[in-house]
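**Student:** Have a look at this one before I ask anything.
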Amino acid sequence: MLDPLSRLGRGGLDFFKSLGRGHILLAMMLASLPGLVVRPRLIINQIYSLGVLSLVIIVISGLFVGMVLGLQGYNTLSKFGAEESLGVIVSISLVTELGPVITGLLFAGRAGSAMTAEIGLMKATEQLSAMEMMAVDPVKRVLSPRLLAGFISVPLLAAIFSAVGVYGGEFVGVGLLGVDEGSYWSQMQANVDIYDDIENGVIKSLVFGLVVSWIAIFEGNNSIPTSEGVSRATTRTVVHSALAILGLDFILTALMLGA
Amino acid sequence: MTTRNTEIWVGIFIAAGMAALFMLAMKVSNLASYNNGGGFEVTARFENISGLKVRSAVTMSGVTIGRVSKIEFDNKALQAVVTMKVDSQHDTLPKDTSASIYTAGLLGEKYIGLEPGGDEANLKQGDVIMLTQDSLVLEKLIGQFVSKFVSDSSSESPIAP
Amino acid sequence: MNKAEAALVTTNNLIFSRADSVIFNGIDISIRRGRITAIMGPSGTGKTTLLRLIGGQLKPQTGTVLFDGEDVHQQSRRGLYQMRKRMGMLFQNGALLTDMSVFDNIAFPLREHTDLSETMIRTLVLIKLEAVGLRGARKLMPNELSGGMARRVALARAIALDPMMMMYDEPFTGQDPISMGVLVRLIRTLNDALGLTSVIVSHDIAETSAIADDIYLLSGGKVVAEGTADELAQSDSKWAQQFLQGDADGPVPFHYPAPPFADDLLTGMGK
C-alpha cells in the first residue's frame, strides 16, 4: 500500500532534482556566452546544422499551413459574407500563434532531437570526458554554442514560416478562390499591428527557441550513456519541448492579451 | 573547420530570416502607416469612450490622420481625457473641430471621427477639442428605445371607461 | 631520494564510494616519476575510477590525491584545468572527436590552449603523428580508422601538449597481437624518450608486466600486492599468485555469493 506512495514521492523528488540540474546547466551555459564572442565559428557551425538544415521542413510546412488557412478561412468567412477579410485571418493566425508554435514543435522534432542524440552520443563515447581531461570545458565548447544558435535560429525560422504561409494563403484565397488581391493585403495591413501582433510573435519564438534548445541540450547531457539511454533522452526532448511550448504559449498569450 | 559552404549557407539563412521579418513588418502589418515622425497632440474629453483603445485610429472624412496616444481619467471632473496625436502634415484643422466616437466593421472596433468646424484659427499642439460626442452604448440605446415604445403605446391605447 | 619525493602522484588513504557500494577503501599509491606504473586487478575493481580520481573528474569521500605536490581536489576550476594540461589520458576506445579528421583531432588541444600559428601547429601535429606511425593517415575521419589506429591517434593527441604524465585506460583490451605489440612498444618508447611518467590500468598480465616498472594489484577496494614485476612473481601473496597465474578460484572467488546449491535446488519454486 505504501509502495505507490513512495514511488510518487520519489518521482516528485526526481522531478525537482532534474529541474535543479537543468537550471544549473542553464546558468553555466549563460555564463559562458560572453566567451563565445571570440569564437564565431562554433556558433556559425551550429546555426548551420540547426537552422539551415531545418529550412526545408519549415518552408514546406509553412506553405501548407498557409494554404489550409486560406481554404478553411474562406470556408468559414463565406458563411458571413466576409471573404474579403481572409488576409486578416491568415496573417494573424500565422504571426501570433501558428508561426511560433508550429515552428517550435518542428524545431524540437528535427533539430532538438538531433542535438540530444549528438550530445548523448558524445557522452556515451567519452568524447566529453576526453575534452575535460584535455582541459577544455565542454559547456563552453559544445553546449553553449548550440543554445545560442537555437535562440537565434528559431525566430528567423518562425518569420520565414509566417511569411511563406501568408503567400500560401494568398495563393489559395486570391489565386484559386477568387478573393480580391487588394482586399487581401489592405485589410491585413489595416488590422495587423506591428507591436501587438508581430512583436509578440517574435517574442514568443525567441522564448520557444531558448526553451527547446535548453531542453534538448540538458537531456543529451543528462542521458545515460548507453544506446537505450540516448534513445530515451531523445524521446524526452521531443515530448517535454512540445509540452513546454504549448504551456508557455498559453501563458504568453494570456499575458500579451491582458497587457 | 567551418567550410566556405557552411558560412555561405548560414549567411543566406540569416538574410532570408531578416527578409521574412522585414516583409512581415512592411507588407503584413500597419507599420507602413506608422510614420511616427512628427505630430502634434490635442486632447478631448468624453463622458463615455467605451471600447476606444490606445492606437485606435483618428480620422477625418474617412482618412486616418492620427492615432489615439493616451487615455486617462480625470478624477475631479469625472470624465475620460483622450490624447490624440495628429500627423504634423495635417495642421489645418479648425479650432472648433468636433470629435465623435464611431464603431467600425463587424468586430466593433472604435475610432474617433473628426468633423471640421468653421473657425479660421487652427488646432495646435496642446489644444483641446471642445465639441465631443460619446461612444454609443448598446444598452442605453435599447433602454431608450424600450422606454419610448412603452410611453408611445401607453399614450395611444385608449381604454374606454 | 626517498619514495615520496620521487613520486609524481600520491594517493593517501583514498576512500571513494558510488551509490551504495564502496569502491576504494583506503588506497595508498605512489606513482614514481619517469617510470611506468601498472594498476592491475580483476574487472570491476574500479581501476578506471582511480584514473578519474587522479584527474579530478571524481571527488573522493576521504583521502587526498597529490599531483606534483598539489592537492588535486582543492584546486579552483582554473587550477584544475592548468593541472590537466600536464596530464595526457588515453581512453579505452580512443574517444576521438567524431566530427573532425585525424589531423584536427590532434590539433585540437593545440588550437584550444596555445596561440601558435597554423604552420607551427601543422609541424607539431606531423611530429606527433610520425611518433605513432600514422602520418599518412592524417586526413582520415575517425569512423574510417580501425580500433588500433584510433588508439594510436588518441595517443598522439594525448601527447600533443607534451604532458608530464600519461594515463592509459585499458590500452590493450581487445587488440590483435600486432596492434598490441605496437602499443606496448610505443608506451615504453614514449615514456623513455619524452621523460614521461606513465600509469597503465590494465588486466593484461603478459603485456603489462613486460613494460611496467612498478605494479599495484587492487582487489576489493584495497591494494593487495605491490612491487616490481619480479617481486610480484616471487611473492607469497595468494592474490598475486591467483592473478598472475590466472587461476579461476582463489582469493577472488569463482562463485558470486549465493546460498548453498542444494538448498536452492530443493526449495526454489519459481525463484
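In the C-alpha cells, chains take letters A, B, ... by order of appearance, with residues numbered from 1 within each chain and ligands from 1 in the order shown.
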Which residues come within 12 Å of C:Ile23, counting only C-alpha atoms, excluding same-chain residues fewer than 3 positions away, as number ranges by chain?

**Tutor:** C: 14-20, 26-27, 44-50, 53, 60-61, 218-223

**Student:** Take the residues just selected and output them with N, CA and C atoms as an mmCIF file, in the first residue's frame.

**Tutor:**
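Contents of part_6.cif, freshly written:
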data_model
loop_
_atom_site.group_PDB
_atom_site.id
_atom_site.type_symbol
_atom_site.label_atom_id
_atom_site.label_comp_id
_atom_site.auth_asym_id
_atom_site.auth_seq_id
_atom_site.Cartn_x
_atom_site.Cartn_y
_atom_site.Cartn_z
ATOM 1 N N LEU C 14 42.769 6.797 0.272
ATOM 2 C CA LEU C 14 41.676 7.209 -0.596
ATOM 3 C C LEU C 14 40.450 6.341 -0.359
ATOM 4 N N ILE C 15 39.350 6.966 -0.009
ATOM 5 C CA ILE C 15 38.099 6.230 0.144
ATOM 6 C C ILE C 15 37.076 6.838 -0.809
ATOM 7 N N PHE C 16 36.515 6.004 -1.645
ATOM 8 C CA PHE C 16 35.561 6.504 -2.625
ATOM 9 C C PHE C 16 34.424 5.507 -2.770
ATOM 10 N N SER C 17 33.207 5.985 -2.649
ATOM 11 C CA SER C 17 32.064 5.102 -2.893
ATOM 12 C C SER C 17 31.094 5.763 -3.856
ATOM 13 N N ARG C 18 30.391 4.938 -4.580
ATOM 14 C CA ARG C 18 29.398 5.451 -5.518
ATOM 15 C C ARG C 18 28.109 4.695 -5.284
ATOM 16 N N ALA C 19 27.006 5.404 -5.262
ATOM 17 C CA ALA C 19 25.715 4.825 -4.890
ATOM 18 C C ALA C 19 25.891 4.172 -3.530
ATOM 19 N N ASP C 20 25.685 2.870 -3.434
ATOM 20 C CA ASP C 20 25.814 2.274 -2.107
ATOM 21 C C ASP C 20 27.063 1.428 -1.951
ATOM 22 N N GLY C 26 40.494 2.894 1.254
ATOM 23 C CA GLY C 26 41.803 3.194 1.824
ATOM 24 C C GLY C 26 42.918 2.738 0.892
ATOM 25 N N ILE C 27 43.162 3.530 -0.146
ATOM 26 C CA ILE C 27 44.199 3.164 -1.122
ATOM 27 C C ILE C 27 45.383 4.113 -0.956
ATOM 28 N N GLY C 44 36.062 -4.758 -12.588
ATOM 29 C CA GLY C 44 35.101 -4.248 -11.630
ATOM 30 C C GLY C 44 35.722 -3.702 -10.364
ATOM 31 N N THR C 45 37.047 -3.707 -10.258
ATOM 32 C CA THR C 45 37.638 -3.159 -9.037
ATOM 33 C C THR C 45 37.772 -1.645 -9.112
ATOM 34 N N GLY C 46 37.307 -1.073 -10.184
ATOM 35 C CA GLY C 46 37.318 0.387 -10.222
ATOM 36 C C GLY C 46 38.635 0.984 -10.655
ATOM 37 N N LYS C 47 39.347 0.297 -11.540
ATOM 38 C CA LYS C 47 40.657 0.831 -11.930
ATOM 39 C C LYS C 47 40.504 2.124 -12.725
ATOM 40 N N THR C 48 39.493 2.148 -13.610
ATOM 41 C CA THR C 48 39.269 3.377 -14.373
ATOM 42 C C THR C 48 38.876 4.512 -13.440
ATOM 43 N N THR C 49 38.093 4.162 -12.401
ATOM 44 C CA THR C 49 37.685 5.179 -11.442
ATOM 45 C C THR C 49 38.897 5.829 -10.802
ATOM 46 N N LEU C 50 39.949 5.027 -10.581
ATOM 47 C CA LEU C 50 41.152 5.590 -9.977
ATOM 48 C C LEU C 50 41.741 6.681 -10.866
ATOM 49 N N LEU C 53 39.810 9.748 -10.475
ATOM 50 C CA LEU C 53 40.086 10.441 -9.231
ATOM 51 C C LEU C 53 41.379 11.229 -9.340
ATOM 52 N N PRO C 60 36.877 12.119 -4.001
ATOM 53 C CA PRO C 60 36.790 11.036 -3.024
ATOM 54 C C PRO C 60 36.055 11.498 -1.766
ATOM 55 N N GLN C 61 35.506 10.528 -1.045
ATOM 56 C CA GLN C 61 34.854 10.894 0.208
ATOM 57 C C GLN C 61 35.887 11.319 1.247
ATOM 58 N N LEU C 218 45.072 -4.406 -7.207
ATOM 59 C CA LEU C 218 43.931 -3.982 -6.408
ATOM 60 C C LEU C 218 42.882 -5.075 -6.382
ATOM 61 N N SER C 219 42.233 -5.224 -5.238
ATOM 62 C CA SER C 219 41.084 -6.115 -5.182
ATOM 63 C C SER C 219 40.259 -5.758 -3.969
ATOM 64 N N GLY C 220 38.946 -5.787 -4.140
ATOM 65 C CA GLY C 220 38.076 -5.494 -3.009
ATOM 66 C C GLY C 220 38.296 -4.111 -2.444
ATOM 67 N N GLY C 221 38.726 -3.171 -3.273
ATOM 68 C CA GLY C 221 38.883 -1.804 -2.805
ATOM 69 C C GLY C 221 40.177 -1.556 -2.054
ATOM 70 N N LYS C 222 41.090 -2.499 -2.046
ATOM 71 C CA LYS C 222 42.349 -2.284 -1.345
ATOM 72 C C LYS C 222 43.518 -2.723 -2.219
ATOM 73 N N VAL C 223 44.704 -2.231 -1.853
ATOM 74 C CA VAL C 223 45.915 -2.701 -2.525
ATOM 75 C C VAL C 223 46.305 -4.023 -1.884
#

**Student:** Using only C-alpha atoms, which chain A residues lie at most 7 Å away from chain C, written as an MDAnalysis selection string?

**Tutor:** chainID A and resid 125:127 130 133:135

**Student:** Once you have the residues from the selection above, write them out as a PDB file, in the first residue's frame, restricted to N, CA and C atoms.

**Tutor:**
ATOM      1  N   THR A 125      30.409   7.965 -25.829  1.00  0.00           N
ATOM      2  CA  THR A 125      31.730   7.574 -26.340  1.00  0.00           C
ATOM      3  C   THR A 125      32.858   8.310 -25.643  1.00  0.00           C
ATOM      4  N   GLU A 126      32.530   8.923 -24.508  1.00  0.00           N
ATOM      5  CA  GLU A 126      33.539   9.574 -23.664  1.00  0.00           C
ATOM      6  C   GLU A 126      34.233  10.762 -24.316  1.00  0.00           C
ATOM      7  N   GLN A 127      33.646  11.314 -25.379  1.00  0.00           N
ATOM      8  CA  GLN A 127      34.277  12.478 -26.004  1.00  0.00           C
ATOM      9  C   GLN A 127      34.239  13.676 -25.062  1.00  0.00           C
ATOM     10  N   ALA A 130      36.844  13.148 -22.503  1.00  0.00           N
ATOM     11  CA  ALA A 130      38.167  13.396 -23.075  1.00  0.00           C
ATOM     12  C   ALA A 130      38.443  14.886 -23.148  1.00  0.00           C
ATOM     13  N   MET A 133      39.402  16.152 -19.813  1.00  0.00           N
ATOM     14  CA  MET A 133      40.768  15.792 -19.458  1.00  0.00           C
ATOM     15  C   MET A 133      41.790  16.577 -20.262  1.00  0.00           C
ATOM     16  N   MET A 134      41.352  17.125 -21.412  1.00  0.00           N
ATOM     17  CA  MET A 134      42.268  17.976 -22.173  1.00  0.00           C
ATOM     18  C   MET A 134      42.115  19.423 -21.744  1.00  0.00           C
ATOM     19  N   ALA A 135      41.472  19.615 -20.593  1.00  0.00           N
ATOM     20  CA  ALA A 135      41.303  20.952 -20.029  1.00  0.00           C
ATOM     21  C   ALA A 135      40.499  21.872 -20.933  1.00  0.00           C
TER      22      ALA A 135
END

**Student:** Report as a PDB file with N, CA and C atoms, in the first residue's frame all protein, DNA and RNA residues lying within 10 Å of B:Val42, evaluated on only C-alpha atoms, omitting residues in the same chain fewer than 2 positions from it.

**Tutor:**
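File written: part01.pdb
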ATOM      1  N   GLY B  39       4.241  65.026 -35.119  1.00  0.00           N
ATOM      2  CA  GLY B  39       2.804  65.072 -34.898  1.00  0.00           C
ATOM      3  C   GLY B  39       2.542  66.017 -33.766  1.00  0.00           C
ATOM      4  N   PHE B  40       1.332  66.530 -33.704  1.00  0.00           N
ATOM      5  CA  PHE B  40       1.009  67.380 -32.577  1.00  0.00           C
ATOM      6  C   PHE B  40      -0.136  66.743 -31.819  1.00  0.00           C
ATOM      7  N   ALA B  44      -9.261  65.650 -25.945  1.00  0.00           N
ATOM      8  CA  ALA B  44     -10.710  65.820 -25.980  1.00  0.00           C
ATOM      9  C   ALA B  44     -11.272  65.084 -24.781  1.00  0.00           C
ATOM     10  N   VAL B  68      -4.839  57.535 -31.416  1.00  0.00           N
ATOM     11  CA  VAL B  68      -5.019  57.853 -30.004  1.00  0.00           C
ATOM     12  C   VAL B  68      -3.730  57.483 -29.279  1.00  0.00           C
ATOM     13  N   SER B  69      -3.144  58.427 -28.545  1.00  0.00           N
ATOM     14  CA  SER B  69      -1.868  58.109 -27.898  1.00  0.00           C
ATOM     15  C   SER B  69      -2.004  57.850 -26.410  1.00  0.00           C
ATOM     16  N   VAL B  82      -8.957  61.962 -23.560  1.00  0.00           N
ATOM     17  CA  VAL B  82      -8.275  61.224 -24.631  1.00  0.00           C
ATOM     18  C   VAL B  82      -7.273  62.149 -25.314  1.00  0.00           C
ATOM     19  N   THR B  83      -6.003  61.683 -25.399  1.00  0.00           N
ATOM     20  CA  THR B  83      -4.985  62.463 -26.110  1.00  0.00           C
ATOM     21  C   THR B  83      -4.770  61.841 -27.477  1.00  0.00           C
ATOM     22  N   MET B  84      -4.844  62.669 -28.507  1.00  0.00           N
ATOM     23  CA  MET B  84      -4.651  62.167 -29.874  1.00  0.00           C
ATOM     24  C   MET B  84      -3.415  62.797 -30.471  1.00  0.00           C
ATOM     25  N   LYS B  85      -2.665  61.981 -31.230  1.00  0.00           N
ATOM     26  CA  LYS B  85      -1.506  62.515 -31.936  1.00  0.00           C
ATOM     27  C   LYS B  85      -1.868  62.606 -33.405  1.00  0.00           C
ATOM     28  N   VAL B  86      -1.939  63.825 -33.909  1.00  0.00           N
ATOM     29  CA  VAL B  86      -2.298  64.039 -35.304  1.00  0.00           C
ATOM     30  C   VAL B  86      -1.022  64.261 -36.110  1.00  0.00           C
ATOM     31  N   LEU B 123      -5.984  74.186 -35.059  1.00  0.00           N
ATOM     32  CA  LEU B 123      -5.573  73.440 -33.872  1.00  0.00           C
ATOM     33  C   LEU B 123      -4.058  73.335 -33.834  1.00  0.00           C
ATOM     34  N   LYS B 124      -3.531  73.571 -32.620  1.00  0.00           N
ATOM     35  CA  LYS B 124      -2.083  73.448 -32.450  1.00  0.00           C
ATOM     36  C   LYS B 124      -1.787  72.470 -31.323  1.00  0.00           C
ATOM     37  N   GLN B 125      -0.501  72.207 -31.093  1.00  0.00           N
ATOM     38  CA  GLN B 125      -0.051  71.309 -30.030  1.00  0.00           C
ATOM     39  C   GLN B 125      -0.659  71.733 -28.697  1.00  0.00           C
ATOM     40  N   GLY B 126      -1.329  70.805 -28.018  1.00  0.00           N
ATOM     41  CA  GLY B 126      -1.834  71.086 -26.683  1.00  0.00           C
ATOM     42  C   GLY B 126      -3.242  71.625 -26.650  1.00  0.00           C
ATOM     43  N   ASP B 127      -3.844  71.907 -27.818  1.00  0.00           N
ATOM     44  CA  ASP B 127      -5.202  72.449 -27.822  1.00  0.00           C
ATOM     45  C   ASP B 127      -6.201  71.404 -27.355  1.00  0.00           C
ATOM     46  N   VAL B 128      -7.389  71.871 -26.953  1.00  0.00           N
ATOM     47  CA  VAL B 128      -8.446  70.971 -26.516  1.00  0.00           C
ATOM     48  C   VAL B 128      -9.602  71.066 -27.479  1.00  0.00           C
ATOM     49  N   ILE B 129     -10.117  69.912 -27.910  1.00  0.00           N
ATOM     50  CA  ILE B 129     -11.302  69.893 -28.758  1.00  0.00           C
ATOM     51  C   ILE B 129     -12.506  69.968 -27.837  1.00  0.00           C
TER      52      ILE B 129
END

**Student:** How many Å lie between atom CA of C:Asn13 and atom CA of C:Tyr168, rounded to one decimal?

**Tutor:**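 Atom-to-atom, atom CA of C:Asn13 and atom CA of C:Tyr168 are spaced 22.7 Å apart.
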
**Student:** Which of these residues is nearest to chain A, using only C-alpha atoms: B:Leu21, B:Ala15, B:Met60, B:Leu136?

**Tutor:**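 Checking each candidate against chain A, we get B:Leu21 as the closest.
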
**Student:** With a distance cut-off of 12 Å and only C-alpha atoms, select the neighbouring residues of C:Gln234, excluding the residue or stretch itself and same-chain residues fewer than 6 positions from it, and output the selection as a list in words.

**Tutor:**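 Using only C-alpha atoms, the neighbours found are Ala225, Glu226, Gly227, Thr228, Ala240, Gln241, Leu244 and Gln245 of chain C.
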
**Student:** Atoms to include: C-alpha atoms. Write the selected residues as an mmCIF file, in the first residue's frame.

**Tutor:**
data_model
loop_
_atom_site.group_PDB
_atom_site.id
_atom_site.type_symbol
_atom_site.label_atom_id
_atom_site.label_comp_id
_atom_site.auth_asym_id
_atom_site.auth_seq_id
_atom_site.Cartn_x
_atom_site.Cartn_y
_atom_site.Cartn_z
ATOM 1 C CA ALA C 225 50.111 -6.501 -3.568
ATOM 2 C CA GLU C 226 52.741 -4.097 -4.868
ATOM 3 C CA GLY C 227 56.237 -4.178 -6.215
ATOM 4 C CA THR C 228 58.143 -4.707 -9.418
ATOM 5 C CA ALA C 240 49.306 -12.094 -6.545
ATOM 6 C CA GLN C 241 49.601 -15.784 -7.305
ATOM 7 C CA LEU C 244 49.469 -13.753 -12.209
ATOM 8 C CA GLN C 245 48.674 -17.408 -12.821
#

**Student:** Show me, as JSON, numbers by chain, the residues that have an atom within 9 Å of stretch 160-176 of chain A when counting only C-alpha atoms, minus same-chain residues fewer than 3 positions from it.

**Tutor:** {"A": [55, 58, 59, 60, 61, 62, 63, 64, 65, 66, 67, 68, 69, 70, 71, 73, 74, 83, 86, 87, 90, 91, 94, 95, 98, 99, 100, 102, 103, 155, 156, 157, 179, 180, 181, 184, 185], "B": [16, 17, 18, 19, 20, 21, 23, 24, 28]}

**Student:** Counting only C-alpha atoms, which residues from chain A have an atom at most 6 Å from any atom of chain B, and could you show them as a ChimeraX atom specification?

**Tutor:** /A:48,52,156,159-160,163,188-190,192-194

**Student:** Considering only C-alpha atoms, state which residue in the set C:Ile39, C:Glu70, C:Leu51, C:Asp99 is at the smallest distance from chain B.

**Tutor:**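 Closest residue, counting only C-alpha atoms: C:Asp99.
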
**Student:** Should the cut-off be 12 Å, what would the residue list for chain C against chain B look like, counting only C-alpha atoms, as a PyMOL selection string?

**Tutor:** chain C and resi 99-101+103-105+107-108+111

**Student:** Dump C-alpha atoms for the selected residues as a short mmCIF file (atom, residue, chain, number, x, y, z; two decimals), in the first residue's frame?

**Tutor:**
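Once written, selection_39.cif looks like this:
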data_model
loop_
_atom_site.label_atom_id
_atom_site.label_comp_id
_atom_site.auth_asym_id
_atom_site.auth_seq_id
_atom_site.Cartn_x
_atom_site.Cartn_y
_atom_site.Cartn_z
CA ASP C 99 33.22 15.31 -36.38
CA MET C 100 36.88 16.09 -37.03
CA SER C 101 39.63 14.47 -39.08
CA PHE C 103 44.72 15.90 -38.10
CA ASP C 104 42.16 18.18 -36.48
CA ASN C 105 41.76 15.84 -33.53
CA ALA C 107 45.48 19.80 -33.41
CA PHE C 108 42.52 20.27 -31.08
CA ARG C 111 44.35 25.15 -31.06
#
